[in-house]
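A.B. asks: Mind having a look at this structure? Questions to follow.
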Amino acid sequence: VGAVVLPASPLLDGLNDSKKLSAPERQRIAAEINRVASVSVVVYVEPQVIDEKGMSASLRLAFGKAIREVEQSGAAIDAILIDGNPLHVDDREINVVKGDASCASIAAASIVAKVHRDAFMTEIAHSYPVYGFDRNKGYASEEHIDAIRAFGLCPIHRRSFCHGFLQESLF
């Protein structure tokens, strides 16, 4: 989960929905975001925690931690803009559907988080090369699913998400 506090009128050339940017564009813009933002935080939740608590609870956990880190940095928070559905993390929460396409701070947080995630996946690929994490970043590509079927799951897989790839058949 990413959290970014931007100045009132940020000048961020190319800021957009992270899904609409190439990896090099995201890296360039993330560096600029980190330069102009008063606070930039990324929170990682371990796969085992997600499996144990579920995705919604894990998102609330991550957003709560991100909010605390932003506040501990000294930034005053008037509103907490969150992309998508309500999480009920904080009374200041404002949910913006498709916020990464319409809100600068949400787009910035998404970019910073995705660049962080991509770097993590590239690094973890050295420990688990058979899964192609450096190429698929953990998305369920055909190559990735084939590796799961051939080698099983590794410690960074979310078992609750991947169990379907390991089933022979429903019948």
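Naming scheme: A, B, ... for chains in displayed order of the structure tokens; residues 1 onward per chain; ligands 1 onward as shown.
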For region 36-53 of chain A, list every protein, DNA or RNA residue within 6 Å, evaluated using only C-alpha atoms, and leave out those in the same chain fewer than 3 positions away; present the list as a list in words.
C.D. replies: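 After dropping sequence-adjacent residues, the list is Val1, Gly2, Ala3, Val4, Val5, Leu6, Ile33, Ala57, Ser58, Ala62, Ala113, Ile156, Arg158 and Ser160 of chain A.
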A.B. asks: Grab the residues selected above and save them as a PDB file, in the first residue's frame with all heavy atoms.
C.D. replies:
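Final output, again.pdb:
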```pdb
ATOM      1  N   VAL A   1       0.857  -1.165   0.000  1.00  0.00           N
ATOM      2  CA  VAL A   1       0.000   0.000   0.000  1.00  0.00           C
ATOM      3  C   VAL A   1       0.898   1.222   0.000  1.00  0.00           C
ATOM      4  O   VAL A   1       1.859   1.291   0.755  1.00  0.00           O
ATOM      5  CB  VAL A   1      -0.917  -0.004   1.247  1.00  0.00           C
ATOM      6  CG1 VAL A   1      -1.571   1.341   1.442  1.00  0.00           C
ATOM      7  CG2 VAL A   1      -1.940  -1.102   1.146  1.00  0.00           C
ATOM      8  N   GLY A   2       0.571   2.181  -0.848  1.00  0.00           N
ATOM      9  CA  GLY A   2       1.322   3.427  -0.888  1.00  0.00           C
ATOM     10  C   GLY A   2       0.513   4.567  -0.311  1.00  0.00           C
ATOM     11  O   GLY A   2      -0.715   4.587  -0.410  1.00  0.00           O
ATOM     12  N   ALA A   3       1.201   5.519   0.307  1.00  0.00           N
ATOM     13  CA  ALA A   3       0.585   6.749   0.802  1.00  0.00           C
ATOM     14  C   ALA A   3       1.515   7.900   0.462  1.00  0.00           C
ATOM     15  O   ALA A   3       2.722   7.815   0.713  1.00  0.00           O
ATOM     16  CB  ALA A   3       0.361   6.672   2.308  1.00  0.00           C
ATOM     17  N   VAL A   4       0.955   8.947  -0.142  1.00  0.00           N
ATOM     18  CA  VAL A   4       1.762  10.095  -0.553  1.00  0.00           C
ATOM     19  C   VAL A   4       1.041  11.372  -0.158  1.00  0.00           C
ATOM     20  O   VAL A   4      -0.166  11.498  -0.372  1.00  0.00           O
ATOM     21  CB  VAL A   4       2.001  10.078  -2.089  1.00  0.00           C
ATOM     22  CG1 VAL A   4       2.675  11.353  -2.549  1.00  0.00           C
ATOM     23  CG2 VAL A   4       2.837   8.869  -2.489  1.00  0.00           C
ATOM     24  N   VAL A   5       1.790  12.299   0.427  1.00  0.00           N
ATOM     25  CA  VAL A   5       1.263  13.627   0.732  1.00  0.00           C
ATOM     26  C   VAL A   5       1.965  14.594  -0.217  1.00  0.00           C
ATOM     27  O   VAL A   5       3.183  14.759  -0.168  1.00  0.00           O
ATOM     28  CB  VAL A   5       1.531  14.024   2.200  1.00  0.00           C
ATOM     29  CG1 VAL A   5       1.017  15.436   2.478  1.00  0.00           C
ATOM     30  CG2 VAL A   5       0.896  13.008   3.145  1.00  0.00           C
ATOM     31  N   LEU A   6       1.160  15.203  -1.097  1.00  0.00           N
ATOM     32  CA  LEU A   6       1.689  16.121  -2.098  1.00  0.00           C
ATOM     33  C   LEU A   6       1.427  17.571  -1.698  1.00  0.00           C
ATOM     34  O   LEU A   6       0.478  17.844  -0.954  1.00  0.00           O
ATOM     35  CB  LEU A   6       1.018  15.861  -3.459  1.00  0.00           C
ATOM     36  CG  LEU A   6       1.322  14.527  -4.126  1.00  0.00           C
ATOM     37  CD1 LEU A   6       0.441  14.336  -5.366  1.00  0.00           C
ATOM     38  CD2 LEU A   6       2.789  14.422  -4.503  1.00  0.00           C
ATOM     39  N   ILE A  33       8.015  12.104  -7.766  1.00  0.00           N
ATOM     40  CA  ILE A  33       7.061  12.121  -6.640  1.00  0.00           C
ATOM     41  C   ILE A  33       7.828  12.182  -5.324  1.00  0.00           C
ATOM     42  O   ILE A  33       7.519  12.998  -4.456  1.00  0.00           O
ATOM     43  CB  ILE A  33       6.146  10.875  -6.674  1.00  0.00           C
ATOM     44  CG1 ILE A  33       5.187  10.955  -7.862  1.00  0.00           C
ATOM     45  CG2 ILE A  33       5.388  10.719  -5.357  1.00  0.00           C
ATOM     46  CD1 ILE A  33       4.487   9.637  -8.192  1.00  0.00           C
ATOM     47  N   ALA A  57      -9.072  -7.406   5.509  1.00  0.00           N
ATOM     48  CA  ALA A  57      -8.447  -7.118   6.801  1.00  0.00           C
ATOM     49  C   ALA A  57      -6.994  -6.697   6.604  1.00  0.00           C
ATOM     50  O   ALA A  57      -6.496  -5.807   7.303  1.00  0.00           O
ATOM     51  CB  ALA A  57      -8.542  -8.324   7.717  1.00  0.00           C
ATOM     52  N   SER A  58      -6.310  -7.315   5.658  1.00  0.00           N
ATOM     53  CA  SER A  58      -4.908  -6.971   5.392  1.00  0.00           C
ATOM     54  C   SER A  58      -4.790  -5.573   4.806  1.00  0.00           C
ATOM     55  O   SER A  58      -3.846  -4.832   5.136  1.00  0.00           O
ATOM     56  CB  SER A  58      -4.276  -8.005   4.460  1.00  0.00           C
ATOM     57  OG  SER A  58      -4.249  -9.267   5.097  1.00  0.00           O
ATOM     58  N   ALA A  62      -2.737  -2.554   6.469  1.00  0.00           N
ATOM     59  CA  ALA A  62      -1.715  -1.801   5.734  1.00  0.00           C
ATOM     60  C   ALA A  62      -2.038  -0.306   5.684  1.00  0.00           C
ATOM     61  O   ALA A  62      -1.158   0.532   5.917  1.00  0.00           O
ATOM     62  CB  ALA A  62      -1.573  -2.357   4.318  1.00  0.00           C
ATOM     63  N   ALA A 113       3.962   2.768  -4.948  1.00  0.00           N
ATOM     64  CA  ALA A 113       3.774   1.390  -4.475  1.00  0.00           C
ATOM     65  C   ALA A 113       4.135   0.384  -5.560  1.00  0.00           C
ATOM     66  O   ALA A 113       4.790  -0.632  -5.282  1.00  0.00           O
ATOM     67  CB  ALA A 113       2.333   1.177  -4.012  1.00  0.00           C
ATOM     68  N   ILE A 156       6.644 -16.631  -0.741  1.00  0.00           N
ATOM     69  CA  ILE A 156       6.015 -15.335  -1.000  1.00  0.00           C
ATOM     70  C   ILE A 156       4.682 -15.460  -1.729  1.00  0.00           C
ATOM     71  O   ILE A 156       4.016 -14.458  -1.975  1.00  0.00           O
ATOM     72  CB  ILE A 156       6.938 -14.352  -1.745  1.00  0.00           C
ATOM     73  CG1 ILE A 156       7.170 -14.771  -3.182  1.00  0.00           C
ATOM     74  CG2 ILE A 156       8.247 -14.160  -1.000  1.00  0.00           C
ATOM     75  CD1 ILE A 156       7.587 -13.610  -4.051  1.00  0.00           C
ATOM     76  N   ARG A 158       0.747 -16.121  -2.047  1.00  0.00           N
ATOM     77  CA  ARG A 158      -0.451 -16.121  -1.208  1.00  0.00           C
ATOM     78  C   ARG A 158      -1.174 -17.433  -1.497  1.00  0.00           C
ATOM     79  O   ARG A 158      -1.766 -17.601  -2.549  1.00  0.00           O
ATOM     80  CB  ARG A 158      -1.351 -14.932  -1.529  1.00  0.00           C
ATOM     81  CG  ARG A 158      -0.760 -13.607  -1.091  1.00  0.00           C
ATOM     82  CD  ARG A 158      -1.680 -12.478  -1.421  1.00  0.00           C
ATOM     83  NE  ARG A 158      -1.820 -12.398  -2.874  1.00  0.00           N
ATOM     84  CZ  ARG A 158      -2.783 -11.743  -3.496  1.00  0.00           C
ATOM     85  NH1 ARG A 158      -3.710 -11.100  -2.829  1.00  0.00           N
ATOM     86  NH2 ARG A 158      -2.840 -11.723  -4.809  1.00  0.00           N
ATOM     87  N   SER A 160      -3.881 -18.638  -0.373  1.00  0.00           N
ATOM     88  CA  SER A 160      -5.324 -18.478  -0.549  1.00  0.00           C
ATOM     89  C   SER A 160      -5.670 -18.051  -1.975  1.00  0.00           C
ATOM     90  O   SER A 160      -6.762 -18.331  -2.457  1.00  0.00           O
ATOM     91  CB  SER A 160      -5.867 -17.454   0.448  1.00  0.00           C
ATOM     92  OG  SER A 160      -5.190 -16.218   0.316  1.00  0.00           O
TER      93      SER A 160
END
```
A.B. asks: I want to know what sits within 12 Å of Met121 (chain A), based on only C-alpha atoms, with residues of the same chain fewer than 4 positions away left out; could you give that as a list of chain:residue names?
C.D. replies: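 The contact residues come out as A:Lys114, A:Val115, A:His116, A:Arg117, A:Ala125, A:His126, A:Ser127, A:Tyr128, A:Pro129, A:Tyr131, A:Gly132, A:Phe133, A:Asp134, A:Arg135, A:Asn136, A:Lys137, A:Gly138, A:Tyr139, A:Ile156, A:His157.
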A.B. asks: Where does DSSP see strand (DSSP E or B) in region 15-82 of chain A, if you list the residues as a ChimeraX atom specification?
C.D. replies: /A:39-42,80-82
A.B. asks: Can you write out the residues you just picked, keeping all heavy atoms, as a short mmCIF file (atom, residue, chain, number, x, y, z; two decimals), in the first residue's frame?
C.D. replies:
```cif
data_model
loop_
_atom_site.label_atom_id
_atom_site.label_comp_id
_atom_site.auth_asym_id
_atom_site.auth_seq_id
_atom_site.Cartn_x
_atom_site.Cartn_y
_atom_site.Cartn_z
N VAL A 39 5.68 13.59 2.15
CA VAL A 39 5.77 12.25 2.73
C VAL A 39 5.45 11.23 1.64
O VAL A 39 4.55 11.43 0.84
CB VAL A 39 4.78 12.05 3.90
CG1 VAL A 39 4.93 10.66 4.51
CG2 VAL A 39 4.94 13.12 4.95
N SER A 40 6.21 10.15 1.64
CA SER A 40 5.94 9.02 0.75
C SER A 40 6.23 7.74 1.53
O SER A 40 7.34 7.56 2.03
CB SER A 40 6.84 9.09 -0.49
OG SER A 40 6.61 8.00 -1.34
N VAL A 41 5.21 6.89 1.65
CA VAL A 41 5.30 5.68 2.47
C VAL A 41 4.82 4.49 1.66
O VAL A 41 3.85 4.59 0.91
CB VAL A 41 4.40 5.83 3.73
CG1 VAL A 41 4.29 4.53 4.49
CG2 VAL A 41 4.88 6.95 4.63
N VAL A 42 5.50 3.36 1.81
CA VAL A 42 5.02 2.10 1.24
C VAL A 42 4.98 1.07 2.38
O VAL A 42 5.95 0.93 3.12
CB VAL A 42 5.91 1.59 0.09
CG1 VAL A 42 5.46 0.22 -0.40
CG2 VAL A 42 5.92 2.59 -1.07
N ILE A 80 -8.16 11.48 4.07
CA ILE A 80 -7.43 10.30 3.61
C ILE A 80 -8.16 9.80 2.39
O ILE A 80 -9.28 9.27 2.49
CB ILE A 80 -7.36 9.23 4.71
CG1 ILE A 80 -6.63 9.80 5.92
CG2 ILE A 80 -6.69 7.96 4.20
CD1 ILE A 80 -6.78 8.98 7.18
N LEU A 81 -7.57 10.00 1.23
CA LEU A 81 -8.18 9.60 -0.03
C LEU A 81 -7.76 8.18 -0.35
O LEU A 81 -6.57 7.88 -0.42
CB LEU A 81 -7.75 10.55 -1.15
CG LEU A 81 -8.03 12.03 -0.89
CD1 LEU A 81 -7.43 12.88 -2.01
CD2 LEU A 81 -9.52 12.29 -0.75
N ILE A 82 -8.74 7.31 -0.54
CA ILE A 82 -8.47 5.90 -0.81
C ILE A 82 -9.17 5.52 -2.10
O ILE A 82 -10.35 5.82 -2.31
CB ILE A 82 -8.96 5.00 0.36
CG1 ILE A 82 -8.16 5.33 1.62
CG2 ILE A 82 -8.81 3.53 0.00
CD1 ILE A 82 -8.55 4.52 2.84
#
```
A.B. asks: Which residues are close to Ile145 (chain A), i.e. within 10 Å by only C-alpha atoms, leaving aside same-chain residues fewer than 5 positions away? Reply as JSON, numbers by chain.
C.D. replies: {"A": [131, 138, 139, 140, 150, 151, 152, 162, 164, 165, 166]}
A.B. asks: Counting only C-alpha atoms, figure out which residue out of A:Glu143, A:Asp118, A:Asp90, A:Glu123 gets nearest to Gln27 (chain A).
C.D. replies: A:Asp118
A.B. asks: Which distance in Å separates CA of Ile94 (chain A) and CA of Val112 (chain A), to one decimal?
C.D. replies: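 About the pair CA of Ile94 (chain A) and CA of Val112 (chain A): they are 20.1 Å apart.
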A.B. asks: Report as number ranges by chain all protein, DNA and RNA residues lying within 10 Å of Lys19 (chain A), evaluated on only C-alpha atoms, omitting residues in the same chain fewer than 3 positions from it.
C.D. replies: A: 16, 22-23, 26, 100-101, 107, 110-111, 114
A.B. asks: Only N, CA, C and O atoms, please: the residues just picked out, written as a PDB file, in the first residue's frame.
C.D. replies:
```
ATOM      1  N   ASN A  16      -0.148   9.850 -13.871  1.00  0.00           N
ATOM      2  CA  ASN A  16      -1.311   9.189 -14.452  1.00  0.00           C
ATOM      3  C   ASN A  16      -1.584   7.922 -13.651  1.00  0.00           C
ATOM      4  O   ASN A  16      -0.811   7.552 -12.766  1.00  0.00           O
ATOM      5  N   SER A  22       4.296   2.797 -18.538  1.00  0.00           N
ATOM      6  CA  SER A  22       5.287   1.724 -18.659  1.00  0.00           C
ATOM      7  C   SER A  22       6.152   1.720 -17.404  1.00  0.00           C
ATOM      8  O   SER A  22       6.184   2.698 -16.644  1.00  0.00           O
ATOM      9  N   ALA A  23       6.867   0.630 -17.198  1.00  0.00           N
ATOM     10  CA  ALA A  23       7.744   0.533 -16.027  1.00  0.00           C
ATOM     11  C   ALA A  23       8.770   1.669 -15.986  1.00  0.00           C
ATOM     12  O   ALA A  23       8.946   2.282 -14.929  1.00  0.00           O
ATOM     13  N   ARG A  26       6.976   4.827 -14.903  1.00  0.00           N
ATOM     14  CA  ARG A  26       6.661   4.789 -13.472  1.00  0.00           C
ATOM     15  C   ARG A  26       7.899   5.098 -12.637  1.00  0.00           C
ATOM     16  O   ARG A  26       7.828   5.838 -11.655  1.00  0.00           O
ATOM     17  N   ASP A 100      -7.166   6.446  -8.913  1.00  0.00           N
ATOM     18  CA  ASP A 100      -5.821   6.501  -9.510  1.00  0.00           C
ATOM     19  C   ASP A 100      -5.841   7.161 -10.873  1.00  0.00           C
ATOM     20  O   ASP A 100      -4.807   7.556 -11.391  1.00  0.00           O
ATOM     21  N   ALA A 101      -7.025   7.340 -11.470  1.00  0.00           N
ATOM     22  CA  ALA A 101      -7.142   8.015 -12.761  1.00  0.00           C
ATOM     23  C   ALA A 101      -7.617   9.461 -12.610  1.00  0.00           C
ATOM     24  O   ALA A 101      -7.603  10.212 -13.590  1.00  0.00           O
ATOM     25  N   ALA A 107      -2.971   8.651  -7.497  1.00  0.00           N
ATOM     26  CA  ALA A 107      -2.126   8.201  -8.612  1.00  0.00           C
ATOM     27  C   ALA A 107      -0.668   8.118  -8.166  1.00  0.00           C
ATOM     28  O   ALA A 107       0.035   7.147  -8.469  1.00  0.00           O
ATOM     29  N   SER A 110      -0.113   5.123  -5.927  1.00  0.00           N
ATOM     30  CA  SER A 110      -0.157   3.902  -6.726  1.00  0.00           C
ATOM     31  C   SER A 110       1.158   3.684  -7.476  1.00  0.00           C
ATOM     32  O   SER A 110       1.681   2.571  -7.535  1.00  0.00           O
ATOM     33  N   ILE A 111       1.695   4.752  -8.024  1.00  0.00           N
ATOM     34  CA  ILE A 111       2.959   4.659  -8.761  1.00  0.00           C
ATOM     35  C   ILE A 111       4.100   4.276  -7.823  1.00  0.00           C
ATOM     36  O   ILE A 111       4.877   3.362  -8.118  1.00  0.00           O
ATOM     37  N   LYS A 114       3.742   0.659  -6.794  1.00  0.00           N
ATOM     38  CA  LYS A 114       4.020  -0.282  -7.881  1.00  0.00           C
ATOM     39  C   LYS A 114       5.521  -0.340  -8.181  1.00  0.00           C
ATOM     40  O   LYS A 114       6.062  -1.421  -8.443  1.00  0.00           O
TER      41      LYS A 114
END
```
